[in-house]
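What follows is the content of my_file19.json, which has JSON, C-alpha atoms:
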[["chain", "number", "residue", "atom", "x", "y", "z"],
["A", 1, "MET", "CA", 103.80, 103.35, 109.01],
["A", 2, "ALA", "CA", 101.24, 102.08, 111.36],
["A", 3, "ASP", "CA", 99.80, 98.60, 111.53],
["A", 4, "PRO", "CA", 101.81, 95.53, 110.53],
["A", 5, "GLU", "CA", 101.41, 94.70, 106.89],
["A", 6, "THR", "CA", 101.44, 91.39, 105.09],
["A", 7, "ILE", "CA", 103.50, 91.44, 101.92],
["A", 8, "ASP", "CA", 104.08, 88.76, 99.31],
["A", 9, "LEU", "CA", 107.70, 88.18, 98.34],
["A", 10, "LEU", "CA", 106.88, 86.15, 95.25],
["A", 11, "ASN", "CA", 105.42, 87.36, 91.98],
["A", 12, "GLU", "CA", 102.86, 85.51, 89.86],
["A", 13, "ASN", "CA", 105.66, 83.26, 88.49],
["A", 14, "ASP", "CA", 106.84, 82.41, 92.04],
["A", 15, "ASP", "CA", 110.05, 84.40, 91.55],
["A", 16, "VAL", "CA", 111.37, 86.50, 94.45],
["A", 17, "ILE", "CA", 110.42, 90.16, 94.05],
["A", 18, "THR", "CA", 113.71, 92.06, 94.10],
["A", 19, "THR", "CA", 112.47, 95.42, 95.43],
["A", 20, "LYS", "CA", 109.08, 96.08, 96.95],
["A", 21, "ALA", "CA", 107.43, 99.22, 98.31],
["A", 22, "VAL", "CA", 105.98, 97.93, 101.59],
["A", 23, "SER", "CA", 104.61, 100.98, 103.39],
["A", 24, "ASN", "CA", 104.18, 104.75, 103.36],
["A", 25, "ALA", "CA", 104.56, 107.33, 106.12],
["A", 26, "LEU", "CA", 103.24, 110.87, 106.10],
["A", 27, "VAL", "CA", 105.81, 113.04, 107.87],
["A", 28, "ILE", "CA", 104.70, 116.45, 109.13],
["A", 29, "SER", "CA", 107.33, 118.57, 110.84],
["A", 30, "ASN", "CA", 107.38, 122.22, 111.82],
["A", 31, "GLN", "CA", 111.06, 121.98, 112.79],
["A", 32, "ALA", "CA", 113.38, 124.06, 110.60],
["A", 33, "ALA", "CA", 115.42, 120.87, 110.17],
["A", 34, "TRP", "CA", 114.79, 117.28, 111.22],
["A", 35, "LYS", "CA", 116.48, 113.91, 110.87],
["A", 36, "MET", "CA", 115.25, 110.36, 110.70],
["A", 37, "SER", "CA", 116.71, 107.25, 112.29],
["A", 38, "ILE", "CA", 115.61, 103.63, 111.68],
["A", 39, "SER", "CA", 115.99, 100.55, 113.85],
["A", 40, "SER", "CA", 115.03, 96.91, 113.30],
["A", 41, "SER", "CA", 114.38, 94.07, 115.73],
["A", 42, "TYR", "CA", 116.45, 91.66, 113.66],
["A", 43, "ALA", "CA", 119.02, 93.89, 111.94],
["A", 44, "GLN", "CA", 122.16, 91.94, 111.10],
["A", 45, "ASN", "CA", 124.26, 95.11, 110.81],
["A", 46, "GLN", "CA", 123.78, 98.77, 109.81],
["A", 47, "ASP", "CA", 123.10, 97.81, 106.19],
["A", 48, "THR", "CA", 121.13, 94.57, 106.40],
["A", 49, "GLY", "CA", 117.83, 93.82, 108.08],
["A", 50, "ARG", "CA", 116.34, 90.35, 108.40],
["A", 51, "LEU", "CA", 112.85, 88.90, 108.33],
["A", 52, "LYS", "CA", 112.61, 86.13, 110.97],
["A", 53, "LEU", "CA", 110.60, 82.95, 110.49],
["A", 54, "ASP", "CA", 107.93, 82.58, 113.19],
["A", 55, "ASP", "CA", 108.73, 79.52, 115.31],
["A", 56, "GLY", "CA", 112.23, 79.23, 113.90],
["A", 57, "GLU", "CA", 115.68, 80.69, 113.54],
["A", 58, "THR", "CA", 115.58, 81.17, 109.75],
["A", 59, "TYR", "CA", 116.10, 84.70, 108.41],
["A", 60, "ILE", "CA", 115.61, 86.35, 105.03],
["A", 61, "PRO", "CA", 118.08, 89.26, 104.66],
["A", 62, "TYR", "CA", 117.01, 92.55, 103.10],
["A", 63, "LEU", "CA", 118.29, 96.03, 102.41],
["A", 64, "PHE", "CA", 115.98, 99.00, 102.93],
["A", 65, "ALA", "CA", 115.55, 102.57, 101.77],
["A", 66, "ILE", "CA", 113.11, 105.24, 102.83],
["A", 67, "LYS", "CA", 112.58, 107.53, 99.87],
["A", 68, "ASP", "CA", 110.97, 110.87, 99.14],
["A", 69, "GLY", "CA", 110.10, 110.20, 95.49],
["A", 70, "ASP", "CA", 113.40, 109.08, 93.94],
["A", 71, "THR", "CA", 115.53, 110.64, 96.71],
["A", 72, "VAL", "CA", 116.83, 108.30, 99.41],
["A", 73, "VAL", "CA", 116.31, 109.86, 102.85],
["A", 74, "VAL", "CA", 117.89, 107.03, 104.87],
["A", 75, "SER", "CA", 119.11, 103.51, 104.03],
["A", 76, "ARG", "CA", 121.14, 102.38, 107.05],
["A", 77, "PHE", "CA", 120.01, 101.27, 110.49],
["A", 78, "ALA", "CA", 120.99, 103.37, 113.52],
["A", 79, "ILE", "CA", 122.45, 106.11, 111.29],
["A", 80, "GLN", "CA", 120.71, 109.49, 111.25],
["A", 81, "SER", "CA", 119.66, 110.83, 107.88],
["A", 82, "ALA", "CA", 120.96, 114.12, 106.58],
["A", 83, "ALA", "CA", 118.97, 117.10, 107.87],
["A", 84, "GLN", "CA", 115.63, 117.46, 106.10],
["A", 85, "GLN", "CA", 113.79, 120.75, 105.62],
["A", 86, "LYS", "CA", 110.56, 121.70, 107.36],
["A", 87, "THR", "CA", 107.63, 120.05, 105.61],
["A", 88, "ALA", "CA", 104.60, 121.75, 104.15],
["A", 89, "SER", "CA", 101.60, 121.68, 106.47],
["A", 90, "SER", "CA", 100.22, 118.81, 104.37],
["A", 91, "GLY", "CA", 103.42, 116.83, 105.06],
["A", 92, "GLU", "CA", 105.73, 114.68, 102.95],
["A", 93, "LEU", "CA", 104.84, 111.16, 101.93],
["A", 94, "LEU", "CA", 107.83, 108.84, 102.36],
["A", 95, "THR", "CA", 107.93, 105.25, 101.11],
["A", 96, "LEU", "CA", 109.72, 102.28, 102.69],
["A", 97, "TYR", "CA", 111.28, 99.91, 100.14],
["A", 98, "LEU", "CA", 112.76, 96.50, 100.93],
["A", 99, "THR", "CA", 115.26, 94.92, 98.54],
["A", 100, "PHE", "CA", 115.84, 91.17, 98.63],
["A", 101, "LEU", "CA", 119.12, 90.02, 97.16],
["A", 102, "PRO", "CA", 119.24, 86.88, 95.03],
["A", 103, "HIS", "CA", 120.48, 83.89, 97.03],
["A", 104, "VAL", "CA", 121.45, 81.11, 94.66],
["A", 105, "GLY", "CA", 120.73, 77.67, 96.06],
["A", 106, "ILE", "CA", 118.98, 78.92, 99.22],
["A", 107, "ILE", "CA", 115.42, 77.83, 99.76],
["A", 108, "TRP", "CA", 113.69, 79.45, 102.71],
["A", 109, "PRO", "CA", 111.06, 77.36, 104.49],
["A", 110, "MET", "CA", 107.48, 78.33, 103.78],
["A", 111, "GLY", "CA", 105.92, 80.32, 106.59],
["A", 112, "ILE", "CA", 105.35, 83.72, 108.08],
["A", 113, "TYR", "CA", 108.41, 85.93, 108.51],
["A", 114, "HIS", "CA", 108.40, 89.21, 110.42],
["A", 115, "ASP", "CA", 110.49, 92.14, 111.59],
["A", 116, "THR", "CA", 109.64, 95.30, 113.47],
["A", 117, "ILE", "CA", 111.04, 98.48, 111.94],
["A", 118, "THR", "CA", 110.94, 101.60, 114.12],
["A", 119, "ILE", "CA", 111.20, 105.07, 112.59],
["A", 120, "SER", "CA", 112.28, 107.95, 114.82],
["A", 121, "LEU", "CA", 112.09, 111.62, 113.87],
["A", 122, "LEU", "CA", 114.59, 113.85, 115.61],
["A", 123, "GLY", "CA", 114.86, 117.64, 115.77],
["A", 124, "ASP", "CA", 118.14, 118.92, 114.39]]
Using structure tokens, write down the structure that the file contains.
Amino acid sequence: MADPETIDLLNENDDVITTKAVSNALVISNQAAWKMSISSSYAQNQDTGRLKLDDGETYIPYLFAIKDGDTVVVSRFAIQSAAQQKTASSGELLTLYLTFLPHVGIIWPMGIYHDTITISLLGD
């Protein structure tokens, strides 16, 4: 997951998109086993990240999951994933999903929100 990406959180009807695939990462590892750990600049706790409004102190909370197909590899900040097997030489494509929970009665100000998510691969 390289360059920052701009994502829309509203669909064509201006409803909040519940879960959105926001980025992919190609992981290539020759380690017999490896683990992944995720951190966030604005994580609220190990389960919840937050997108921060530029020029403000407003946050949009989110949950995340990095998946290999339908299998969740990691979904908590600062917690190492279970050991993963050595990848094929072509690698494994993992996808980062963000899930925004419905917040009845909350209206977030219009603007640009951001967070920096760091992915670390660790030998087992």
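Checking A:Leu51, A:Ile66, A:Ile60, A:Ile119 one by one against Ala78 of chain A, counting all atoms listed in the file, you find the shortest gap at A:Ile119.
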| task | Excluding Tyr62 of chain A and any residue of its chain fewer than 4 positions from it, enumerate the residues within 7 Å of it, using all atoms listed in the file, and give them as a ChimeraX atom specification. | result | /A:48-50,98-101
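Minimum distance to Asp68 of chain A across A:Asp55, A:Glu92, A:Asp124, A:Asp47 (counting all atoms listed in the file) occurs at A:Glu92.
Surrounding segment 40-42 of chain A within 8 Å are Ile38, Gln44, Gly49, Arg50, Leu51, Lys52, Phe77, Asp115, Thr116, Ile117 and Thr118 of chain A, with only C-alpha atoms counted and residues fewer than 2 positions along the same chain left out.
The coordinates place atom CA of Glu12 of chain A at 28.4 Å from atom CA of Leu93 of chain A.
Nearest to Ala88 of chain A of all the residues A:Asn24, A:Thr18, A:Asn13, A:Ser29 is A:Ser29, counting all atoms listed in the file.
Distance annotation: of A:Ile112, A:Leu94, A:Ala82, A:Ile106, the residue with the minimal separation from Trp34 of chain A is A:Ala82; atom set is all atoms listed in the file.
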| query | Could you state the separation of atom CA of Ile28 of chain A and atom CA of Gln46 of chain A in Å, given to one decimal place? | reply | 26.0 Å
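Using all atoms listed in the file, the smallest distance between any of A:Met36, A:Val73, A:Leu96, A:Ala65 and Ser23 of chain A comes from A:Leu96.
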| Of the candidates A:Val27, A:Ile17, A:Val22, A:Leu63, which one gets nearest to Thr87 of chain A if we count only C-alpha atoms? | A:Val27
Give me the residues near Gln31 of chain A as a PDB file with C-alpha atoms, in the frame of the given file, where near means some atom within 8 Å (using only C-alpha atoms) and where sequence neighbours in that chain fewer than 4 positions away do not count.
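part-v5.pdb was written with the following content:
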ATOM      1  CA  GLN A  85     113.790 120.750 105.620  1.00  0.00           C
ATOM      2  CA  LYS A  86     110.560 121.700 107.360  1.00  0.00           C
ATOM      3  CA  GLY A 123     114.860 117.640 115.770  1.00  0.00           C
ATOM      4  CA  ASP A 124     118.140 118.920 114.390  1.00  0.00           C
TER       5      ASP A 124
END
Could you work out an axis-aligned bounding box for all listed atoms of segment 77-92 of chain A, with 5 Å added on each of the six sides, and give its centre and edge lengths in Å to one decimal, as JSON?
{"center_x": 111.3, "center_y": 111.5, "center_z": 108.2, "size_x": 32.2, "size_y": 30.5, "size_z": 20.6}
| request: Work out how far atom CA of His103 of chain A is from atom CA of Glu57 of chain A, in Å to one decimal. | output: 17.5 Å
| message | Report as a ChimeraX atom specification all protein, DNA and RNA residues lying within 10 Å of Pro109 of chain A, evaluated on only C-alpha atoms, omitting residues in the same chain fewer than 2 positions from it. | response | /A:53,56,58-59,106-107,111-113
